[in-house]
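Okay, entry02.csv now, which holds CSV, C-alpha atoms and all ligand atoms:
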chain,number,residue,atom,x,y,z
H,1,MET,CA,41.4,-33.1,230.7
H,2,ALA,CA,44.2,-32.1,228.4
H,3,ILE,CA,46.2,-35.1,227.0
H,4,PRO,CA,49.9,-34.6,227.7
H,5,ARG,CA,51.4,-34.6,224.1
H,6,ALA,CA,54.6,-36.4,225.1
H,7,VAL,CA,52.8,-39.3,226.7
H,8,SER,CA,49.6,-39.8,224.8
H,9,ARG,CA,48.5,-41.2,221.6
H,10,TYR,CA,46.0,-43.8,222.7
H,11,ARG,CA,43.4,-43.6,225.5
H,12,LEU,CA,42.6,-46.8,227.4
H,13,ILE,CA,39.7,-47.0,229.7
H,14,PHE,CA,40.1,-49.2,232.8
H,15,SER,CA,37.2,-49.2,235.3
H,16,GLY,CA,36.0,-45.8,234.1
H,17,ALA,CA,39.3,-44.0,234.6
H,18,PRO,CA,41.3,-43.0,231.4
H,19,VAL,CA,44.9,-44.1,231.2
H,20,TYR,CA,47.2,-42.6,228.6
H,21,VAL,CA,49.9,-44.6,227.0
H,22,ARG,CA,52.4,-43.9,224.3
H,23,ALA,CA,52.1,-45.8,221.0
H,24,VAL,CA,55.5,-47.2,220.0
H,25,ARG,CA,55.6,-47.7,216.3
H,26,PRO,CA,57.9,-50.3,214.8
H,27,LYS,CA,61.3,-48.8,213.7
H,28,PRO,CA,61.7,-49.0,209.9
H,29,GLY,CA,64.9,-50.1,208.2
H,30,VAL,CA,66.4,-46.7,207.4
H,31,GLU,CA,69.6,-46.1,205.4
H,32,LEU,CA,71.4,-42.8,205.6
H,33,ARG,CA,73.7,-41.5,202.9
H,34,ARG,CA,75.2,-38.2,201.8
H,35,ALA,CA,73.0,-36.2,199.4
H,36,SER,CA,74.2,-35.2,195.9
H,37,PRO,CA,72.9,-32.6,193.5
H,38,LEU,CA,70.9,-35.4,191.8
H,39,ASP,CA,68.8,-35.7,195.0
H,40,VAL,CA,67.5,-32.1,194.8
H,41,GLY,CA,64.1,-33.1,193.3
H,42,THR,CA,63.3,-35.9,195.8
H,43,MET,CA,64.6,-33.7,198.7
H,44,GLY,CA,62.1,-31.0,197.5
H,45,ARG,CA,59.2,-33.5,197.6
H,46,VAL,CA,60.2,-34.7,201.1
H,47,TYR,CA,60.6,-31.1,202.3
H,48,LEU,CA,57.2,-29.9,201.0
H,49,ASN,CA,55.5,-33.0,202.3
H,50,ALA,CA,57.1,-32.7,205.8
H,51,TYR,CA,56.1,-29.0,206.2
H,52,ARG,CA,52.8,-28.8,204.3
H,53,GLY,CA,51.6,-32.3,203.7
H,54,ASP,CA,51.7,-31.6,199.9
H,55,GLU,CA,52.1,-34.6,197.6
H,56,VAL,CA,53.8,-32.8,194.7
H,57,ARG,CA,55.3,-34.1,191.4
H,58,ASP,CA,56.7,-30.8,190.3
H,59,VAL,CA,58.7,-29.0,193.0
H,60,PRO,CA,58.6,-25.2,192.6
H,61,PRO,CA,61.8,-23.7,191.2
H,62,MET,CA,62.3,-21.6,194.4
H,63,VAL,CA,62.5,-24.8,196.5
H,64,LEU,CA,64.9,-26.4,194.1
H,65,LYS,CA,67.1,-23.3,194.2
H,66,SER,CA,67.1,-23.2,198.0
H,67,LEU,CA,68.0,-26.9,198.2
H,68,SER,CA,70.8,-26.5,195.7
H,69,MET,CA,72.1,-23.7,197.8
H,70,CYS,CA,71.9,-26.0,200.9
H,71,LEU,CA,74.0,-28.6,199.0
H,72,ARG,CA,76.7,-26.0,198.0
H,73,VAL,CA,76.9,-24.4,201.5
H,74,SER,CA,77.0,-27.7,203.2
H,75,CYS,CA,80.1,-28.8,201.2
H,76,GLY,CA,78.8,-32.4,201.1
H,77,HIS,CA,77.2,-32.5,204.5
H,78,CYS,CA,73.6,-32.9,203.6
H,79,VAL,CA,72.1,-36.3,204.4
H,80,VAL,CA,69.1,-38.2,203.0
H,81,ALA,CA,67.3,-41.0,204.8
H,82,GLU,CA,66.0,-43.9,202.6
H,83,ILE,CA,63.6,-46.8,203.2
H,84,ASP,CA,63.8,-49.4,200.4
H,85,SER,CA,65.7,-46.9,198.2
H,86,GLU,CA,63.0,-44.3,198.6
H,87,THR,CA,64.0,-40.9,200.1
H,88,VAL,CA,61.8,-40.1,203.2
H,89,GLY,CA,63.9,-37.7,205.2
H,90,MET,CA,66.8,-35.1,205.0
H,91,GLY,CA,68.9,-32.8,207.0
H,92,CYS,CA,72.0,-30.6,206.4
H,93,LEU,CA,75.0,-29.5,208.4
H,94,PHE,CA,76.6,-26.2,207.3
H,95,PRO,CA,80.2,-26.3,208.6
H,96,TYR,CA,81.5,-22.7,209.1
H,97,ARG,CA,84.7,-21.8,210.8
H,98,GLY,CA,84.4,-22.0,214.6
H,99,ALA,CA,80.8,-23.3,214.5
H,100,ALA,CA,78.2,-25.1,212.3
H,101,TRP,CA,74.6,-24.7,211.6
H,102,ILE,CA,71.9,-27.4,211.1
H,103,GLY,CA,69.0,-26.8,208.7
H,104,GLY,CA,66.7,-28.4,206.3
H,105,MET,CA,65.5,-31.1,208.7
H,106,ALA,CA,62.5,-32.8,207.3
H,107,VAL,CA,60.8,-36.2,207.4
H,108,GLU,CA,57.8,-37.2,205.3
H,109,ARG,CA,54.6,-37.0,207.2
H,110,ARG,CA,53.8,-40.7,207.1
H,111,TRP,CA,57.2,-41.6,208.4
H,112,GLN,CA,57.4,-39.1,211.3
H,113,ARG,CA,57.7,-40.2,214.9
H,114,ARG,CA,59.5,-43.4,214.0
H,115,GLY,CA,63.0,-42.2,215.0
H,116,ILE,CA,64.2,-41.1,211.5
H,117,GLY,CA,64.7,-37.5,212.6
H,118,THR,CA,66.7,-38.7,215.5
H,119,ARG,CA,68.9,-40.8,213.2
H,120,ILE,CA,69.5,-37.9,210.9
H,121,MET,CA,70.4,-35.6,213.8
H,122,ALA,CA,72.8,-38.2,215.2
H,123,LYS,CA,74.5,-38.4,211.8
H,124,LEU,CA,74.8,-34.6,211.4
H,125,LEU,CA,76.3,-34.3,214.9
H,126,GLU,CA,78.7,-37.2,214.1
H,127,MET,CA,79.9,-35.3,211.0
H,128,ALA,CA,80.3,-32.1,213.0
H,129,GLU,CA,82.4,-34.0,215.6
H,130,ASN,CA,84.6,-35.5,212.8
H,131,LEU,CA,85.2,-32.0,211.6
H,132,GLY,CA,86.2,-31.0,215.1
H,133,ILE,CA,83.2,-28.7,215.5
H,134,SER,CA,81.4,-28.6,218.9
H,135,ASN,CA,79.5,-25.4,218.7
H,136,ILE,CA,76.3,-25.8,216.7
H,137,GLY,CA,73.2,-23.7,216.2
H,138,LEU,CA,69.8,-24.2,214.6
H,139,ASP,CA,66.4,-22.5,214.3
H,140,ALA,CA,63.8,-24.9,215.5
H,141,THR,CA,60.1,-25.2,214.6
H,142,GLU,CA,57.7,-26.3,217.3
H,143,ALA,CA,57.8,-29.8,215.7
H,144,GLY,CA,61.6,-30.0,216.0
H,145,LYS,CA,62.2,-28.5,219.5
H,146,ARG,CA,61.8,-31.6,221.6
H,147,LEU,CA,64.1,-33.6,219.3
H,148,TYR,CA,66.8,-31.0,219.5
H,149,ARG,CA,66.5,-30.7,223.3
H,150,LYS,CA,67.2,-34.4,223.5
H,151,PHE,CA,70.5,-33.8,221.8
H,152,GLY,CA,71.4,-31.1,224.3
H,153,PHE,CA,70.4,-28.0,222.3
H,154,VAL,CA,69.3,-25.1,224.6
H,155,GLU,CA,66.9,-22.3,223.6
H,156,VAL,CA,68.5,-18.9,223.1
H,157,CYS,CA,65.6,-16.8,221.8
H,158,GLU,CA,62.5,-16.6,219.6
H,159,VAL,CA,63.1,-15.6,216.0
H,160,PRO,CA,59.9,-14.5,214.3
H,161,THR,CA,59.7,-13.8,210.5
H,162,TYR,CA,57.8,-10.6,209.7
H,163,VAL,CA,56.3,-9.2,206.6
H,164,ILE,CA,57.3,-5.5,206.1
H,165,ASN,CA,54.6,-3.0,205.4
H,166,ARG,CA,56.4,-0.5,203.1
H,167,ASP,CA,53.9,2.3,203.9
H,168,ALA,CA,54.9,2.1,207.6
H,169,LEU,CA,58.6,2.8,206.7
H,170,PRO,CA,59.7,6.3,208.0
H,171,ARG,CA,62.1,8.3,205.7
H,172,VAL,CA,65.7,8.2,207.0
H,173,ARG,CA,68.4,9.8,204.9
H,174,THR,CA,71.7,7.8,205.0
H,175,ALA,CA,74.3,7.1,202.2
H,176,ILE,CA,74.0,3.5,201.3
H,177,GLU,CA,76.3,1.6,198.8
H,178,VAL,CA,74.9,-1.4,196.9
H,179,LEU,CA,77.6,-4.0,196.4
H,180,ASP,CA,77.7,-7.4,194.5
H,181,TYR,CA,80.6,-8.7,196.6
H,182,VAL,CA,81.5,-9.0,200.3
H,183,PRO,CA,84.4,-6.7,201.2
H,184,SER,CA,86.8,-7.9,203.9
H,185,ASN,CA,85.6,-5.4,206.5
H,186,VAL,CA,82.0,-6.6,206.3
H,187,ALA,CA,83.2,-10.3,206.6
H,188,ALA,CA,85.2,-9.3,209.7
H,189,MET,CA,82.2,-7.4,211.2
H,190,ASP,CA,80.0,-10.4,210.6
H,191,ARG,CA,82.5,-12.7,212.3
H,192,GLY,CA,82.6,-10.4,215.3
H,193,VAL,CA,78.8,-10.2,215.6
H,194,MET,CA,78.1,-13.9,214.9
H,195,GLY,CA,81.0,-15.3,216.9
H,196,PHE,CA,82.2,-17.5,214.0
H,197,ASP,CA,83.3,-17.1,210.4
H,198,ARG,CA,80.7,-17.8,207.8
H,199,SER,CA,82.2,-15.8,204.9
H,200,GLN,CA,81.6,-18.7,202.5
H,201,LEU,CA,77.9,-18.4,203.2
H,202,LEU,CA,78.0,-14.6,202.7
H,203,ASN,CA,79.7,-14.9,199.4
H,204,GLU,CA,77.0,-17.4,198.3
H,205,ILE,CA,74.2,-15.1,199.5
H,206,VAL,CA,75.5,-12.1,197.6
H,207,ARG,CA,75.6,-14.1,194.4
H,208,HIS,CA,71.8,-14.2,194.7
H,209,GLY,CA,71.2,-10.6,195.6
H,210,ALA,CA,73.1,-7.6,196.9
H,211,LEU,CA,74.9,-6.2,199.9
H,212,LEU,CA,73.9,-2.8,201.3
H,213,VAL,CA,76.5,-1.0,203.3
H,214,SER,CA,76.2,2.2,205.3
H,215,ASP,CA,78.4,3.9,207.9
H,216,GLY,CA,76.7,2.1,210.7
H,217,GLY,CA,76.0,-1.3,209.4
H,218,TYR,CA,75.1,-3.6,206.5
H,219,ALA,CA,72.3,-5.8,205.2
H,220,PHE,CA,72.1,-8.5,202.6
H,221,VAL,CA,69.1,-8.6,200.3
H,222,TRP,CA,68.3,-11.9,198.6
H,223,TRP,CA,65.3,-13.8,197.4
H,224,GLY,CA,62.9,-11.2,198.7
H,225,ARG,CA,64.3,-11.2,202.2
H,226,ILE,CA,66.7,-9.0,204.3
H,227,GLY,CA,69.4,-10.6,206.4
H,228,PRO,CA,71.8,-10.8,207.9
H,229,LEU,CA,71.3,-7.2,209.0
H,230,VAL,CA,73.8,-5.6,211.4
H,231,ALA,CA,73.4,-2.0,212.6
H,232,ASN,CA,74.6,0.3,215.4
H,233,SER,CA,71.4,2.3,215.6
H,234,LEU,CA,67.7,2.2,214.9
H,235,ASP,CA,68.0,4.8,212.2
H,236,THR,CA,70.7,2.8,210.4
H,237,ALA,CA,68.6,-0.3,210.5
H,238,ILE,CA,65.6,1.5,209.1
H,239,ALA,CA,67.6,3.1,206.4
H,240,LEU,CA,69.0,-0.3,205.3
H,241,ILE,CA,65.5,-1.9,205.4
H,242,SER,CA,64.0,1.0,203.4
H,243,ARG,CA,66.7,0.5,200.7
H,244,ALA,CA,66.2,-3.3,200.7
H,245,VAL,CA,62.4,-2.8,200.3
H,246,GLU,CA,63.1,-0.6,197.3
H,247,LEU,CA,65.1,-3.5,195.9
H,248,GLY,CA,62.1,-5.9,196.4
H,249,ALA,CA,62.6,-7.4,199.9
H,250,ARG,CA,59.5,-8.0,201.9
H,251,ARG,CA,60.5,-10.4,204.7
H,252,ILE,CA,62.9,-10.2,207.7
H,253,SER,CA,63.6,-12.7,210.6
H,254,ILE,CA,64.4,-10.8,213.8
H,255,PRO,CA,66.0,-12.5,216.9
H,256,LEU,CA,64.0,-11.2,219.9
H,257,ALA,CA,67.3,-11.2,221.9
H,258,SER,CA,68.2,-8.1,219.9
H,259,PRO,CA,67.0,-4.9,221.6
H,260,LEU,CA,67.2,-3.0,218.3
H,261,GLY,CA,65.2,-5.8,216.6
H,262,ARG,CA,62.5,-5.5,219.3
H,263,GLU,CA,62.4,-1.7,218.8
H,264,LEU,CA,62.1,-2.2,215.0
H,265,VAL,CA,59.1,-4.6,215.4
H,266,LYS,CA,57.2,-1.9,217.3
H,267,LYS,CA,58.4,1.1,215.2
H,268,LEU,CA,57.6,-0.5,211.9
H,269,ASN,CA,54.5,-2.2,213.2
H,270,LEU,CA,55.8,-5.5,211.6
H,271,CYS,CA,53.3,-8.3,211.0
H,272,GLU,CA,54.5,-11.7,212.2
H,273,GLU,CA,54.1,-14.6,209.8
H,274,PHE,CA,55.9,-17.5,211.4
H,275,ARG,CA,58.5,-18.2,214.1
H,276,CYS,CA,61.3,-20.5,215.1
H,277,THR,CA,63.3,-20.8,218.3
H,278,ARG,CA,67.1,-20.3,218.1
H,279,MET,CA,68.9,-23.2,219.9
H,280,VAL,CA,72.6,-23.8,220.5
H,281,GLN,CA,74.7,-26.7,221.6
H,282,GLY,CA,78.1,-25.8,223.0
H,283,SER,CA,78.8,-22.1,223.0
H,284,ILE,CA,78.2,-19.4,220.3
H,285,GLU,CA,78.8,-15.9,221.4
H,286,THR,CA,76.6,-13.8,219.1
H,287,ASP,CA,76.4,-10.1,219.8
H,288,TYR,CA,72.6,-9.5,219.7
H,289,SER,CA,73.2,-5.8,220.5
H,290,ARG,CA,74.2,-5.4,216.8
H,291,LEU,CA,72.6,-8.4,215.0
H,292,VAL,CA,69.1,-7.1,214.0
H,293,ALA,CA,68.2,-9.8,211.5
H,294,ILE,CA,69.4,-13.3,210.8
H,295,ALA,CA,70.4,-14.7,207.3
H,296,SER,CA,67.7,-17.4,207.3
H,297,TYR,CA,66.5,-20.3,209.5
H,298,ALA,CA,68.4,-22.8,207.5
H,299,PHE,CA,71.8,-21.0,207.5
H,300,GLY,CA,71.8,-19.1,210.8
W,401,LIG,C1,61.0,-32.4,213.1
W,401,LIG,C2,61.0,-33.7,212.3
W,401,LIG,C3,62.2,-33.5,211.3
W,401,LIG,C4,61.3,-34.8,213.3
W,401,LIG,O1,61.4,-36.0,212.6
W,401,LIG,P1,60.9,-37.4,213.2
W,401,LIG,O2,61.4,-38.5,212.3
W,401,LIG,O3,59.4,-37.3,213.4
W,401,LIG,O4,61.6,-37.4,214.6
W,401,LIG,P2,61.7,-38.7,215.6
W,401,LIG,O5,60.7,-39.7,215.2
W,401,LIG,O6,63.1,-39.1,215.7
W,401,LIG,O7,61.3,-38.0,216.9
W,401,LIG,C5,60.1,-37.3,217.0
W,401,LIG,C6,59.2,-37.9,218.1
W,401,LIG,O8,58.9,-39.2,217.8
W,401,LIG,C7,59.2,-40.0,218.9
W,401,LIG,N1,59.5,-41.4,218.4
W,401,LIG,C8,60.7,-41.8,217.9
W,401,LIG,N2,60.6,-43.1,217.6
W,401,LIG,C9,59.4,-43.5,217.9
W,401,LIG,C10,58.7,-44.7,217.8
W,401,LIG,N3,59.3,-45.8,217.3
W,401,LIG,N4,57.4,-44.8,218.3
W,401,LIG,C11,56.8,-43.7,218.8
W,401,LIG,N5,57.4,-42.5,218.9
W,401,LIG,C12,58.7,-42.4,218.4
W,401,LIG,C13,60.4,-39.3,219.5
W,401,LIG,O9,60.6,-39.7,220.9
W,401,LIG,C14,59.9,-37.9,219.4
W,401,LIG,O10,58.9,-37.7,220.4
W,401,LIG,P3,58.7,-36.4,221.2
W,401,LIG,O11,58.7,-35.3,220.1
W,401,LIG,O12,57.4,-36.6,221.9
W,401,LIG,O13,59.9,-36.2,222.0
W,401,LIG,C15,59.7,-33.9,211.6
W,401,LIG,O14,58.7,-33.9,212.5
W,401,LIG,C16,59.4,-33.0,210.5
W,401,LIG,O15,59.8,-33.1,209.4
W,401,LIG,N6,58.5,-31.9,210.8
W,401,LIG,C17,58.1,-31.0,209.8
W,401,LIG,C18,59.2,-30.1,209.3
W,401,LIG,C19,59.9,-29.4,210.5
W,401,LIG,O16,59.3,-28.8,211.3
W,401,LIG,N7,61.3,-29.6,210.5
W,401,LIG,C20,62.1,-29.1,211.6
W,401,LIG,C21,62.8,-27.8,211.2
W,401,LIG,S1,63.7,-27.2,212.5

Kindly present the structure from the file in structure tokens form.
Amino acid sequence: MAIPRAVSRYRLIFSGAPVYVRAVRPKPGVELRRASPLDVGTMGRVYLNAYRGDEVRDVPPMVLKSLSMCLRVSCGHCVVAEIDSETVGMGCLFPYRGAAWIGGMAVERRWQRRGIGTRIMAKLLEMAENLGISNIGLDATEAGKRLYRKFGFVEVCEVPTYVINRDALPRVRTAIEVLDYVPSNVAAMDRGVMGFDRSQLLNEIVRHGALLVSDGGYAFVWWGRIGPLVANSLDTAIALISRAVELGARRISIPLASPLGRELVKKLNLCEEFRCTRMVQGSIETDYSRLVAIASYAFG
């Protein structure tokens, strides 16, 4: 008999029949505080331990870079959870205009299922409320989904990350400009597609890569990934992806609510690596007929 995950941790046997009960662990004394750039190293260790179980001393530079970017984009809205002054958990709120995103939620393995993630979420939502933001999105792992549902987040669609096989890319000829800044028409288009204004994030992303612009859309290329990618046709999307791959990109996260995105997965025979579920609290009117790829799970 399958043990229902929500209920079971221990199996008791009474007169031959198994009874499943939930183990309630004692709640630890947890302090929450805002993270500062000095916390990046410890946050990296917590993050790697939460996701992979790694006990690392030296956090890889890429993880440190990502967390520093989280701190900048969050404008002081990343939180760390401490027990006896030791960091054991983290989470960030990215306040955009008209909505916010939550990312970087992580609790060290040995402290999971003790209510720390719940405390961090409650704090991030309180900060959003204080900023007057009621529409919030996030991309949930399987481990996080139940927690977010408890806070009223509702599933929108699956968002798998794919590795691009460059040999499967068909040739599409389209003029593409490569920019190192975000022109106002791209910022406006992004606002129209996403349903909120995240130009601060786009300006940050372009500092780490480039923006590709064609007649029918645009794509950001940064840290080996493509996104956000907005296109009005399959050919435009493929042309942007081909150029991004020439510039070194290999990964793309496609919301399956996007009809163009689904076509791309088939046409390019994309290989799935990992997936999250996009969830929203309140209302975010994203136009998935044009959004082909997201920026990242952390930033939306
Ligand atoms: C997702 C994550 C952040 C949640 O953190 P957490 O501290 O374990 O979360 P909580 O303890 O508040 O809640 C998780 C579960 O523990 C349960 N729980 C909370 N306090 C408890 C207690 N005292 N005793 C027993 N169970 C408890 C909650 O009810 C919840 O149960 P459910 O999932 O069956 O509904 C953590 O699991 C993690 O870091 N995972 C790996 C990284 C990851 O996937 N991050 C999410 C990215 S979106």

Who sits within 8 Å of H:Glu108, only C-alpha atoms, same chain under 3 positions skipped, as a PyMOL selection string: chain H and resi 46-47+49-50+88-89+111-112

Distance of atom CA of H:Val30 from atom CA of H:Ala128, expressed in Å to one decimal place: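 Between these atoms lies a distance of 20.9 Å.
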
Surroundings of ligand LIG 401 (chain W) up to 7 Å, based on only C-alpha atoms and all ligand atoms, as number ranges by chain: H: 5-6, 23-27, 50-51, 103-109, 111-119, 139-144, 146-147

Excluding H:Arg275 and residues on its chain fewer than 6 positions from it, collect all residues at most 8 Å away from it, counting only C-alpha atoms, and give them as a CSV table (one decimal) with C-alpha atoms, in the coordinates of the input.
chain,number,residue,atom,x,y,z
H,141,THR,CA,60.1,-25.2,214.6
H,158,GLU,CA,62.5,-16.6,219.6
H,159,VAL,CA,63.1,-15.6,216.0
H,160,PRO,CA,59.9,-14.5,214.3
H,161,THR,CA,59.7,-13.8,210.5

d(atom CA of H:Arg97, atom CA of H:Arg198) in Å: 6.4 Å

Among the residues H:Ala298, H:Ile252, H:Ala175, H:Leu67, the one that comes closest to H:Gly224 [using all atoms listed in the file]: H:Ile252

Option closest in space to H:Asp84, from H:Leu211, H:Leu247, H:Leu268, H:Leu32 [counting all atoms listed in the file]: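 Nearest candidate to H:Asp84 out of H:Leu211, H:Leu247, H:Leu268, H:Leu32: H:Leu32.
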